[in-house]
$ cat model_2.txt   # compact mmCIF, C-alpha atoms
# COMPACT_ATOMS: atom_id res chain seq x y z
CA MET B 1 22.83 -34.44 -10.83
CA SER B 2 19.59 -35.77 -12.25
CA SER B 3 17.58 -33.97 -14.88
CA TYR B 4 14.12 -34.04 -16.41
CA GLU B 5 13.88 -35.07 -20.01
CA PRO B 6 12.67 -31.99 -21.94
CA THR B 7 9.34 -32.53 -23.69
CA GLU B 8 7.38 -30.53 -26.22
CA ARG B 9 5.59 -28.88 -23.28
CA THR B 10 8.55 -28.15 -21.05
CA ARG B 11 11.20 -27.18 -23.61
CA VAL B 12 12.12 -23.57 -22.89
CA ARG B 13 11.70 -21.85 -26.24
CA ARG B 14 12.04 -18.22 -25.25
CA LYS B 15 15.63 -17.46 -24.11
CA PRO B 16 16.59 -21.15 -23.78
CA GLY B 17 19.83 -20.12 -22.04
CA ARG B 18 17.67 -19.31 -19.01
CA GLY B 19 16.04 -22.74 -18.97
CA SER B 20 17.02 -25.74 -16.89
CA TYR B 21 15.77 -29.28 -16.45
CA ASP B 22 17.74 -29.89 -13.27
CA ARG B 23 15.64 -31.68 -10.65
CA GLU B 24 17.45 -30.08 -7.74
CA LEU B 25 16.77 -26.57 -9.04
CA VAL B 26 13.10 -27.36 -9.63
CA ASP B 27 12.86 -28.78 -6.09
CA ARG B 28 14.52 -25.71 -4.56
CA VAL B 29 12.17 -23.32 -6.35
CA LEU B 30 9.13 -25.37 -5.33
CA ASP B 31 10.29 -25.49 -1.71
CA GLU B 32 11.04 -21.79 -1.41
CA ALA B 33 7.82 -20.55 -3.04
CA LEU B 34 4.96 -20.24 -0.55
CA ILE B 35 2.31 -20.67 -3.22
CA CYS B 36 1.93 -22.06 -6.68
CA HIS B 37 -0.36 -20.99 -9.51
CA LEU B 38 -2.38 -23.96 -10.67
CA GLY B 39 -3.64 -23.93 -14.24
CA PHE B 40 -6.39 -26.22 -15.50
CA VAL B 41 -9.01 -26.27 -18.22
CA GLU B 42 -12.75 -26.50 -17.70
CA ASP B 43 -15.00 -26.45 -20.76
CA GLY B 44 -12.14 -25.08 -22.83
CA GLN B 45 -11.56 -22.17 -20.45
CA PRO B 46 -8.20 -21.81 -18.67
CA TYR B 47 -8.27 -21.10 -14.94
CA VAL B 48 -5.27 -20.03 -12.88
CA ILE B 49 -5.68 -20.35 -9.14
CA PRO B 50 -3.17 -19.53 -6.41
CA THR B 51 -2.87 -22.25 -3.82
CA ILE B 52 -0.47 -23.64 -1.21
CA HIS B 53 1.56 -26.65 -2.25
CA ALA B 54 4.10 -28.96 -0.66
CA ARG B 55 6.64 -31.34 -2.11
CA VAL B 56 7.36 -34.76 -0.62
CA GLY B 57 10.21 -36.34 -2.60
CA SER B 58 9.14 -36.39 -6.22
CA ARG B 59 5.47 -35.81 -5.45
CA LEU B 60 3.69 -32.47 -5.28
CA TYR B 61 0.62 -32.13 -3.05
CA LEU B 62 -2.15 -29.54 -3.25
CA HIS B 63 -5.01 -29.38 -0.85
CA GLY B 64 -8.26 -27.57 -0.45
CA SER B 65 -11.91 -27.98 0.33
CA LYS B 66 -14.19 -30.47 -1.40
CA ALA B 67 -16.02 -27.39 -2.76
CA SER B 68 -12.95 -26.23 -4.67
CA ARG B 69 -13.49 -25.94 -8.41
CA ALA B 70 -9.80 -26.45 -9.08
CA LEU B 71 -9.34 -29.59 -7.05
CA GLY B 72 -12.58 -31.01 -8.37
CA ALA B 73 -11.42 -30.54 -11.95
CA LEU B 74 -7.98 -31.97 -11.14
CA GLY B 75 -9.38 -34.93 -9.27
CA GLU B 76 -11.17 -35.93 -12.47
CA GLY B 77 -7.80 -36.37 -14.12
CA GLY B 78 -7.40 -33.39 -16.41
CA ASP B 79 -4.01 -32.10 -17.51
CA CYS B 80 -2.69 -29.33 -15.35
CA CYS B 81 0.21 -26.92 -15.25
CA VAL B 82 1.63 -25.82 -11.90
CA THR B 83 3.89 -22.78 -11.96
CA VAL B 84 5.80 -21.22 -9.09
CA THR B 85 7.72 -17.98 -9.34
CA LEU B 86 10.14 -16.26 -6.98
CA ILE B 87 10.95 -12.60 -7.59
CA ASP B 88 14.58 -11.80 -6.80
CA GLY B 89 14.90 -8.23 -7.96
CA LEU B 90 14.33 -5.39 -10.38
CA VAL B 91 16.65 -4.98 -13.36
CA LEU B 92 16.98 -1.38 -14.53
CA ALA B 93 18.56 -0.95 -17.93
CA ARG B 94 19.56 2.25 -19.73
CA SER B 95 16.87 1.59 -22.33
CA ALA B 96 13.21 1.12 -21.48
CA LEU B 97 12.95 -2.08 -23.48
CA HIS B 98 15.63 -3.95 -21.52
CA HIS B 99 14.04 -3.46 -18.11
CA SER B 100 13.35 -6.79 -16.52
CA LEU B 101 13.04 -8.76 -13.30
CA ASN B 102 15.37 -11.30 -11.81
CA TYR B 103 13.39 -14.39 -10.95
CA ARG B 104 13.41 -18.15 -10.56
CA SER B 105 10.43 -20.14 -11.75
CA ALA B 106 9.44 -23.76 -12.14
CA MET B 107 6.71 -25.24 -14.30
CA ILE B 108 5.29 -28.73 -13.90
CA PHE B 109 2.97 -30.55 -16.26
CA GLY B 110 1.00 -33.65 -15.55
CA VAL B 111 -2.26 -35.28 -14.61
CA ALA B 112 -3.13 -34.92 -10.96
CA GLY B 113 -4.94 -37.59 -9.01
CA ARG B 114 -7.13 -37.47 -5.92
CA VAL B 115 -5.55 -38.85 -2.75
CA ASP B 116 -8.05 -41.03 -0.88
CA ASP B 117 -5.85 -42.85 1.63
CA PRO B 118 -6.16 -41.02 4.99
CA ALA B 119 -2.54 -41.87 5.88
CA GLU B 120 -1.24 -40.25 2.69
CA LYS B 121 -3.57 -37.27 3.24
CA ALA B 122 -2.09 -36.83 6.72
CA ILE B 123 1.44 -36.87 5.26
CA ALA B 124 0.43 -34.28 2.67
CA LEU B 125 -1.13 -31.96 5.24
CA GLU B 126 1.86 -32.25 7.52
CA ALA B 127 4.06 -31.37 4.54
CA VAL B 128 1.92 -28.31 3.81
CA VAL B 129 2.29 -27.07 7.40
CA GLU B 130 6.04 -27.70 7.31
CA HIS B 131 6.22 -25.99 3.93
CA ILE B 132 4.80 -22.79 5.43
CA ALA B 133 6.87 -22.86 8.61
CA PRO B 134 9.44 -25.63 9.10
CA GLY B 135 9.15 -26.98 12.64
CA ARG B 136 5.48 -26.07 12.97
CA SER B 137 3.97 -29.52 12.58
CA GLY B 138 5.44 -30.59 15.93
CA ASP B 139 3.26 -27.97 17.68
CA ALA B 140 0.02 -27.89 15.73
CA ARG B 141 -2.81 -30.23 16.60
CA ALA B 142 -2.79 -33.03 14.04
CA PRO B 143 -5.90 -33.50 11.90
CA THR B 144 -8.62 -35.90 13.02
CA ARG B 145 -9.97 -38.57 10.76
CA GLU B 146 -13.11 -36.43 10.21
CA GLU B 147 -10.98 -33.46 9.17
CA LEU B 148 -8.98 -35.62 6.78
CA ASP B 149 -12.19 -36.96 5.25
CA ALA B 150 -13.47 -33.41 4.68
CA THR B 151 -10.25 -32.30 2.99
CA GLU B 152 -9.50 -32.79 -0.67
CA VAL B 153 -5.92 -33.58 -1.48
CA VAL B 154 -4.57 -34.09 -4.97
CA SER B 155 -1.08 -35.11 -5.96
CA LEU B 156 1.05 -34.82 -9.03
CA GLU B 157 4.20 -36.78 -9.78
CA LEU B 158 7.16 -34.57 -10.70
CA GLN B 159 8.15 -36.12 -13.99
CA GLU B 160 7.74 -33.37 -16.58
CA ALA B 161 9.17 -30.11 -15.33
CA SER B 162 11.49 -27.27 -16.11
CA ALA B 163 12.93 -24.26 -14.35
CA LYS B 164 13.81 -20.87 -15.66
CA LEU B 165 15.84 -18.13 -14.08
CA ARG B 166 17.24 -14.73 -14.76
CA GLU B 167 19.99 -13.25 -12.63
CA GLY B 168 22.51 -10.44 -12.89
CA GLY B 169 22.41 -6.93 -14.25
CA PRO B 170 20.74 -5.46 -17.31
CA ILE B 171 21.83 -6.37 -20.84
CA ASP B 172 21.88 -3.08 -22.68
CA ASN B 173 22.77 -2.47 -26.29
CA ALA B 174 26.44 -1.54 -26.74
CA GLU B 175 25.53 1.94 -28.02
CA ASP B 176 23.54 2.67 -24.82
CA ILE B 177 26.32 1.89 -22.33
CA GLY B 178 27.66 5.44 -22.22
CA LEU B 179 24.26 7.09 -21.60
CA PRO B 180 24.03 9.17 -18.41
CA VAL B 181 21.36 6.85 -17.01
CA TRP B 182 21.83 4.88 -13.78
CA ALA B 183 21.54 1.15 -14.44
CA GLY B 184 21.71 -1.84 -12.15
CA GLN B 185 19.67 -4.09 -9.91
CA LEU B 186 17.45 -3.68 -6.89
CA PRO B 187 17.39 -6.99 -4.98
CA LEU B 188 14.03 -7.93 -3.45
CA SER B 189 13.15 -10.46 -0.82
CA LEU B 190 10.14 -11.61 1.16
CA VAL B 191 10.82 -10.46 4.70
CA PRO B 192 8.88 -11.24 7.89
CA GLY B 193 7.64 -8.57 10.29
CA GLU B 194 6.88 -9.13 13.96
CA PRO B 195 4.72 -12.15 14.87
CA ALA B 196 1.24 -11.02 15.96
CA ALA B 197 -0.24 -13.32 18.62
CA GLU B 198 -3.94 -14.09 18.87
CA PRO B 199 -5.52 -12.15 21.75
CA ASP B 200 -6.92 -15.31 23.38
CA LEU B 201 -3.73 -17.35 23.81
CA PRO B 202 -3.13 -18.92 27.22
CA PRO B 203 -0.81 -16.66 29.25
CA GLY B 204 2.95 -17.16 28.94
CA LEU B 205 3.00 -18.56 25.39
CA GLU B 206 5.79 -16.96 23.39
CA ALA B 207 6.14 -16.97 19.61
CA PRO B 208 8.10 -20.13 18.80
CA GLY B 209 11.72 -19.97 17.63
CA TYR B 210 10.95 -21.31 14.14
CA LEU B 211 8.69 -18.31 13.68
CA ARG B 212 11.02 -15.70 15.12
CA SER B 213 13.81 -16.93 12.83
CA TRP B 214 11.52 -17.63 9.87
CA ARG B 215 13.25 -17.30 6.51
CA ARG B 216 12.66 -19.01 3.24
CA PRO B 217 15.27 -21.76 2.63
CA MET M 218 -17.61 2.57 -6.18
CA SER M 219 -17.93 0.58 -9.35
CA SER M 220 -18.04 -3.19 -9.51
CA TYR M 221 -17.68 -5.98 -12.02
CA GLU M 222 -20.72 -8.05 -12.78
CA PRO M 223 -20.03 -11.57 -11.47
CA THR M 224 -20.11 -14.21 -14.22
CA GLU M 225 -20.05 -17.99 -14.20
CA ARG M 226 -16.25 -17.78 -14.49
CA THR M 227 -15.57 -15.09 -11.93
CA ARG M 228 -18.09 -15.97 -9.23
CA VAL M 229 -16.11 -16.88 -6.12
CA ARG M 230 -17.47 -20.28 -5.14
CA ARG M 231 -15.01 -21.29 -2.46
CA LYS M 232 -15.36 -19.04 0.65
CA PRO M 233 -17.46 -16.42 -1.16
CA GLY M 234 -17.09 -14.09 1.84
CA ARG M 235 -13.51 -13.56 0.70
CA GLY M 236 -14.52 -12.59 -2.83
CA SER M 237 -15.01 -9.12 -4.23
CA TYR M 238 -15.98 -7.62 -7.57
CA ASP M 239 -14.83 -4.13 -6.67
CA ARG M 240 -12.92 -2.51 -9.54
CA GLU M 241 -10.76 -0.43 -7.26
CA LEU M 242 -9.57 -3.47 -5.30
CA VAL M 243 -8.79 -5.38 -8.51
CA ASP M 244 -6.83 -2.36 -9.78
CA ARG M 245 -4.87 -2.04 -6.56
CA VAL M 246 -3.89 -5.72 -6.56
CA LEU M 247 -2.86 -5.54 -10.23
CA ASP M 248 -0.78 -2.42 -9.62
CA GLU M 249 1.01 -3.74 -6.56
CA ALA M 250 1.89 -7.16 -8.00
CA LEU M 251 5.14 -7.11 -9.97
CA ILE M 252 4.14 -10.07 -12.11
CA CYS M 253 1.06 -11.92 -13.18
CA HIS M 254 0.53 -15.58 -14.02
CA LEU M 255 -0.96 -15.87 -17.48
CA GLY M 256 -3.01 -18.95 -18.25
CA PHE M 257 -3.90 -20.05 -21.76
CA VAL M 258 -4.77 -23.25 -23.60
CA GLU M 259 -2.85 -24.70 -26.53
CA ASP M 260 -4.06 -27.99 -28.03
CA GLY M 261 -6.13 -28.61 -24.90
CA GLN M 262 -3.14 -28.20 -22.59
CA PRO M 263 -3.14 -25.44 -19.97
CA TYR M 264 -0.01 -23.32 -19.68
CA VAL M 265 0.72 -20.90 -16.82
CA ILE M 266 3.49 -18.42 -17.51
CA PRO M 267 4.81 -15.68 -15.20
CA THR M 268 5.16 -12.35 -16.94
CA ILE M 269 5.30 -8.61 -16.25
CA HIS M 270 2.08 -6.70 -16.77
CA ALA M 271 0.93 -3.11 -16.54
CA ARG M 272 -2.48 -1.54 -16.24
CA VAL M 273 -3.51 1.61 -18.10
CA GLY M 274 -7.02 2.57 -17.02
CA SER M 275 -9.22 -0.44 -17.69
CA ARG M 276 -6.74 -2.11 -20.01
CA LEU M 277 -4.10 -4.64 -19.06
CA TYR M 278 -0.93 -4.90 -21.16
CA LEU M 279 1.48 -7.81 -21.41
CA HIS M 280 4.60 -7.73 -23.49
CA GLY M 281 7.28 -10.09 -24.67
CA SER M 282 9.24 -11.22 -27.65
CA LYS M 283 7.68 -12.31 -30.93
CA ALA M 284 9.12 -15.76 -30.13
CA SER M 285 6.97 -16.09 -27.00
CA ARG M 286 4.60 -19.07 -27.06
CA ALA M 287 2.22 -17.35 -24.68
CA LEU M 288 1.87 -14.10 -26.55
CA GLY M 289 1.60 -15.94 -29.86
CA ALA M 290 -1.28 -18.02 -28.53
CA LEU M 291 -2.95 -14.95 -27.01
CA GLY M 292 -2.53 -12.85 -30.13
CA GLU M 293 -4.59 -15.44 -31.98
CA GLY M 294 -7.52 -14.60 -29.77
CA GLY M 295 -7.82 -17.48 -27.34
CA ASP M 296 -9.46 -17.14 -23.96
CA CYS M 297 -7.03 -16.43 -21.16
CA CYS M 298 -7.00 -16.09 -17.41
CA VAL M 299 -4.60 -13.66 -15.77
CA THR M 300 -4.07 -14.11 -12.04
CA VAL M 301 -2.00 -11.98 -9.70
CA THR M 302 -1.35 -12.83 -6.07
CA LEU M 303 0.21 -10.86 -3.23
CA ILE M 304 1.30 -12.75 -0.12
CA ASP M 305 0.69 -10.75 3.03
CA GLY M 306 1.55 -13.23 5.77
CA LEU M 307 1.49 -16.65 7.37
CA VAL M 308 -1.51 -17.67 9.46
CA LEU M 309 -0.64 -20.16 12.20
CA ALA M 310 -3.60 -21.88 13.77
CA ARG M 311 -3.70 -24.24 16.75
CA SER M 312 -4.76 -27.06 14.44
CA ALA M 313 -2.75 -28.13 11.40
CA LEU M 314 -5.77 -27.98 9.12
CA HIS M 315 -6.49 -24.29 9.75
CA HIS M 316 -3.03 -23.05 8.76
CA SER M 317 -3.29 -20.59 5.94
CA LEU M 318 -1.82 -17.55 4.24
CA ASN M 319 -3.08 -14.01 4.17
CA TYR M 320 -3.16 -12.85 0.57
CA ARG M 321 -4.83 -10.61 -1.97
CA SER M 322 -5.43 -11.94 -5.46
CA ALA M 323 -7.15 -10.84 -8.63
CA MET M 324 -8.30 -12.96 -11.55
CA ILE M 325 -9.19 -11.61 -14.97
CA PHE M 326 -10.84 -13.48 -17.82
CA GLY M 327 -11.06 -12.42 -21.41
CA VAL M 328 -9.77 -12.62 -24.92
CA ALA M 329 -6.51 -10.77 -25.47
CA GLY M 330 -5.66 -9.02 -28.69
CA ARG M 331 -2.38 -8.11 -30.33
CA VAL M 332 -1.48 -4.42 -30.23
CA ASP M 333 -0.14 -3.30 -33.62
CA ASP M 334 -0.23 0.48 -33.36
CA PRO M 335 3.33 1.66 -32.48
CA ALA M 336 1.94 4.59 -30.46
CA GLU M 337 -0.11 2.25 -28.26
CA LYS M 338 2.85 -0.14 -27.96
CA ALA M 339 4.97 2.78 -26.73
CA ILE M 340 2.32 3.64 -24.12
CA ALA M 341 2.21 0.00 -22.98
CA LEU M 342 5.99 -0.26 -22.64
CA GLU M 343 6.19 3.00 -20.74
CA ALA M 344 3.49 1.66 -18.42
CA VAL M 345 5.49 -1.53 -17.86
CA VAL M 346 8.60 0.46 -16.90
CA GLU M 347 6.53 2.68 -14.58
CA HIS M 348 4.88 -0.42 -13.15
CA ILE M 349 8.27 -1.80 -12.07
CA ALA M 350 9.63 1.49 -10.72
CA PRO M 351 7.42 4.58 -10.75
CA GLY M 352 9.44 7.53 -12.03
CA ARG M 353 11.78 5.40 -14.10
CA SER M 354 10.36 6.13 -17.54
CA GLY M 355 11.63 9.72 -17.34
CA ASP M 356 15.22 8.43 -17.21
CA ALA M 357 15.27 5.38 -19.44
CA ARG M 358 15.94 5.72 -23.14
CA ALA M 359 12.61 5.43 -24.94
CA PRO M 360 12.18 2.59 -27.45
CA THR M 361 12.96 3.19 -31.10
CA ARG M 362 10.51 2.34 -33.85
CA GLU M 363 12.60 -0.78 -34.65
CA GLU M 364 12.45 -1.92 -31.03
CA LEU M 365 8.68 -1.39 -30.95
CA ASP M 366 8.29 -3.39 -34.15
CA ALA M 367 10.29 -6.28 -32.66
CA THR M 368 8.21 -6.34 -29.46
CA GLU M 369 4.95 -8.19 -29.12
CA VAL M 370 2.34 -6.46 -26.97
CA VAL M 371 -1.06 -7.88 -26.19
CA SER M 372 -3.86 -6.21 -24.30
CA LEU M 373 -6.89 -7.35 -22.42
CA GLU M 374 -9.86 -5.21 -21.44
CA LEU M 375 -10.71 -5.44 -17.72
CA GLN M 376 -14.37 -6.38 -17.91
CA GLU M 377 -14.63 -9.77 -16.24
CA ALA M 378 -12.67 -9.86 -13.03
CA SER M 379 -12.79 -10.66 -9.36
CA ALA M 380 -10.56 -10.28 -6.34
CA LYS M 381 -10.16 -12.49 -3.31
CA LEU M 382 -8.50 -11.77 -0.04
CA ARG M 383 -7.84 -13.26 3.33
CA GLU M 384 -6.73 -11.15 6.26
CA GLY M 385 -6.56 -11.48 10.02
CA GLY M 386 -5.70 -14.28 12.38
CA PRO M 387 -6.45 -17.99 12.29
CA ILE M 388 -9.98 -19.35 12.59
CA ASP M 389 -9.66 -22.28 14.96
CA ASN M 390 -12.36 -24.60 16.16
CA ALA M 391 -13.82 -23.48 19.51
CA GLU M 392 -12.55 -26.62 21.23
CA ASP M 393 -8.96 -25.86 20.16
CA ILE M 394 -8.78 -22.32 21.56
CA GLY M 395 -7.44 -23.40 24.95
CA LEU M 396 -4.64 -25.60 23.57
CA PRO M 397 -1.13 -24.61 24.69
CA VAL M 398 -0.13 -23.84 21.10
CA TRP M 399 1.01 -20.38 19.97
CA ALA M 400 -1.29 -19.05 17.24
CA GLY M 401 -1.23 -15.85 15.25
CA GLN M 402 0.15 -14.22 12.15
CA LEU M 403 3.56 -13.53 10.68
CA PRO M 404 3.27 -10.55 8.31
CA LEU M 405 5.39 -10.76 5.15
CA SER M 406 6.38 -8.12 2.67
CA LEU M 407 8.57 -7.74 -0.38
CA VAL M 408 11.46 -5.57 0.76
CA PRO M 409 14.24 -4.01 -1.32
CA GLY M 410 17.92 -4.39 -0.50
CA GLU M 411 20.67 -1.99 -1.57
CA PRO M 412 20.71 -0.94 -5.25
CA ALA M 413 23.66 -2.58 -7.07
CA ALA M 414 25.04 -0.35 -9.83
CA GLU M 415 26.46 -1.70 -13.08
CA PRO M 416 30.28 -1.56 -13.03
CA ASP M 417 30.44 0.46 -16.26
CA LEU M 418 28.30 3.46 -15.32
CA PRO M 419 29.71 6.90 -16.10
CA PRO M 420 31.33 8.34 -12.94
CA GLY M 421 29.20 10.35 -10.55
CA LEU M 422 25.85 8.67 -11.30
CA GLU M 423 23.98 7.92 -8.07
CA ALA M 424 21.06 5.52 -7.68
CA PRO M 425 17.96 7.64 -8.38
CA GLY M 426 15.59 8.61 -5.59
CA TYR M 427 12.68 6.56 -6.91
CA LEU M 428 14.90 3.50 -6.51
CA ARG M 429 16.28 4.32 -3.07
CA SER M 430 12.73 4.88 -1.77
CA TRP M 431 11.21 2.02 -3.82
CA ARG M 432 8.16 0.46 -2.18
CA ARG M 433 5.15 -1.20 -3.67
CA PRO M 434 2.11 1.17 -3.62
$ encode --input "model_2.txt" --output "C-alpha cells"
Amino acid sequence: MSSYEPTERTRVRRKPGRGSYDRELVDRVLDEALICHLGFVEDGQPYVIPTIHARVGSRLYLHGSKASRALGALGEGGDCCVTVTLIDGLVLARSALHHSLNYRSAMIFGVAGRVDDPAEKAIALEAVVEHIAPGRSGDARAPTREELDATEVVSLELQEASAKLREGGPIDNAEDIGLPVWAGQLPLSLVPGEPAAEPDLPPGLEAPGYLRSWRRP
Amino acid sequence: MSSYEPTERTRVRRKPGRGSYDRELVDRVLDEALICHLGFVEDGQPYVIPTIHARVGSRLYLHGSKASRALGALGEGGDCCVTVTLIDGLVLARSALHHSLNYRSAMIFGVAGRVDDPAEKAIALEAVVEHIAPGRSGDARAPTREELDATEVVSLELQEASAKLREGGPIDNAEDIGLPVWAGQLPLSLVPGEPAAEPDLPPGLEAPGYLRSWRRP
C-alpha cells in the first residue's frame, strides 16, 4: 500500500487520528466525488471554485473555458489546493457540542500546469465524461480539434495529498451517556432520480443502462 | 428582493447568465448545504477546508477547535472565501464537451473575525446544530461555559456574495441534435437512510420525528 509523504501543508494537525496519507484512499475519494473545490490565490485574495475533475492514474485534470478566472490563474503556475468532500451522514450526540458529520475528504497541493497537447486534452475530457457517468464516453460524440483548442485543461500531479475521514457514532462525554436524549447517526447518500430525456431525441432511444444503474463507485 | 452589489471579486465572469446577486438565493443555498469549503491564505499558500457552517440573519458562523489551522488563520483577520455547492444532477449531452452538472453554488468574500462573547458563541453553536437537523437543539444538552470557552467560533458578515446555478437539459450544438445518442438529465439528491441508534441509549428512546422526516429545506 503506497502512501504520500506528509509535508508541512498536508500534515493533518486537527484530530490527526482521522488523517491518512494512503494513495488508494485519496484516489477513491477523488473518484467518488463529482466535483472538487479548487482554491487559488489572485492578488493575495483566496478564491474557491467548484469544478468537475477527473483522475487519470496519478494525474488530476480540471477543465473549463479559456475565459475561466480559475484556470487562467492556475495555468500561470500558481500554487493551488484542490479539496473534495463526500458527506456520509449526520452524527447526533447527546450534547450540542459533539454534533458532527461523517465524511471523507481529500486535499491536494501543488502547482498546476496548462495542457496544450490535443491528444492529452482529449484523454482528459474523456476522463471527465467517464468520471460523471462511467460508460458514457462510448456514446457521446468525441470532441473535434476545434473544440479541443477552445477548451482549457490544466493538470496537477498527485504528489502531495492527504485524506481525512470521520465515521461511526457520536463521541459523547461519559457523564452525558445516561441522558434521555436519542443519539446516533443518520446515513446520507447521493441518490439518482429518474432520467429525464430531452424532448427532441430521435424516437426509440431509451436511457442507457449505465444511467439507469448509475451509482457512485 | 434585495441584492448584493457585484464587486471585482464576486462578479460572475464565466457564463454570467448563470450568476445572481440575490440575497435570498444566496441564503437558500447556504442553508441547504451541509458544509462549506473555506478558503484562506497562509504564507501565500491557498488552503481549502471543508467545515460545517450556519447562517444567522446576515451573519455566517464557522466553528471548530482552538487547534484548527483554518480558524486560527481566520481569527487573525485574513481575507477568506467561503463557497458552498449543491449538486442537483448530471447533464448528458450528445457531445462529450457539453456534459455538465446542474448545481447551485454561493461564494462569499470577506474578513472573518473571532467571536469572543460566550452568549454569541452559544447562539452560533445552536445555529450549527439546527443547521444539521432542524429541531435538534431542543433535545441536545446545551454547551457549558467551559465548552464554549474551549470552542473557537468565527463569523463573517454576508456583504459580498454571489450565487451561480445551472439547471435544465444539455445545450448541444444544432448539428448534433439528430445524433442517435440519448441526452438528458439525471437528477441527484442527498437522501437519508435509516437512523442508526447508539447501542447504549436508555431503553424506550425512539429516533425523533425531525430525524425520521429529515430532508434538506
$ closest_atom_pairs --input "model_2.txt" --of "chain B" --to "chain M" --cutoff "6 Å" --atoms "all atoms listed in the file" --output "tab-separated table"
residue	atom	partner	partner_atom	distance
B:Arg14	CA	M:Ser285	CA	5.8
B:Gly39	CA	M:Val265	CA	5.9
B:Phe40	CA	M:Pro263	CA	5.6
B:Pro46	CA	M:Phe257	CA	5.6
B:Tyr47	CA	M:Cys298	CA	5.7
B:Val48	CA	M:Gly256	CA	5.9
B:Ser68	CA	M:Arg231	CA	5.8
B:Cys81	CA	M:Tyr264	CA	5.7
B:Arg94	CA	M:Ala357	CA	5.3
B:Ser95	CA	M:Arg358	CA	4.3
B:Ala96	CA	M:Ala357	CA	5.2
B:Ala140	CA	M:Ser312	CA	5.0
B:Arg141	CA	M:Ser312	CA	4.3
B:Ala142	CA	M:Ala313	CA	5.6
B:Ala183	CA	M:Glu415	CA	5.8
B:Gly184	CA	M:Ala414	CA	4.3
B:Gln185	CA	M:Ala413	CA	5.1
B:Leu186	CA	M:Pro412	CA	4.6
B:Pro187	CA	M:Gly410	CA	5.2
B:Leu188	CA	M:Pro409	CA	4.5
B:Ser189	CA	M:Leu407	CA	5.3
B:Leu190	CA	M:Leu407	CA	4.5
B:Val191	CA	M:Ser406	CA	5.4
B:Pro192	CA	M:Leu405	CA	4.5
B:Gly193	CA	M:Pro404	CA	5.2
B:Pro195	CA	M:Leu403	CA	4.6
B:Ala196	CA	M:Gln402	CA	5.1
B:Ala197	CA	M:Gly401	CA	4.3
B:Glu198	CA	M:Gly401	CA	4.9
$ atom_distance --input "model_2.txt" --atom1 "atom CA of M:Val332" --atom2 "atom CA of M:His270"
14.1 Å
$ axis_aligned_box --input "model_2.txt" --around "stretch 392-401 of chain M" --padding-each-side "4 Å" --output "lines of an AutoDock Vina configuration file"
center_x = -5.8
center_y = -21.2
center_z = 20.1
size_x = 21.6
size_y = 18.8
size_z = 17.7
$ residues_near_point --input "model_2.txt" --point "(-15.1, -10.3, -5.4)" --cutoff "7 Å" --atoms "only C-alpha atoms" --output "PyMOL selection string"
chain M and resi 229+236-239+379-381
$ write_last_selection --input "model_2.txt" --atoms "C-alpha atoms" --output "CSV table (one decimal), keeping the file's coordinate frame"
chain,number,residue,atom,x,y,z
M,229,VAL,CA,-16.1,-16.9,-6.1
M,236,GLY,CA,-14.5,-12.6,-2.8
M,237,SER,CA,-15.0,-9.1,-4.2
M,238,TYR,CA,-16.0,-7.6,-7.6
M,239,ASP,CA,-14.8,-4.1,-6.7
M,379,SER,CA,-12.8,-10.7,-9.4
M,380,ALA,CA,-10.6,-10.3,-6.3
M,381,LYS,CA,-10.2,-12.5,-3.3
$ atom_distance --input "model_2.txt" --atom1 "atom CA of M:Arg432" --atom2 "atom CA of M:Gly352"
12.2 Å
$ atom_distance --input "model_2.txt" --atom1 "atom CA of B:Ala73" --atom2 "atom CA of B:Ser155"
12.8 Å
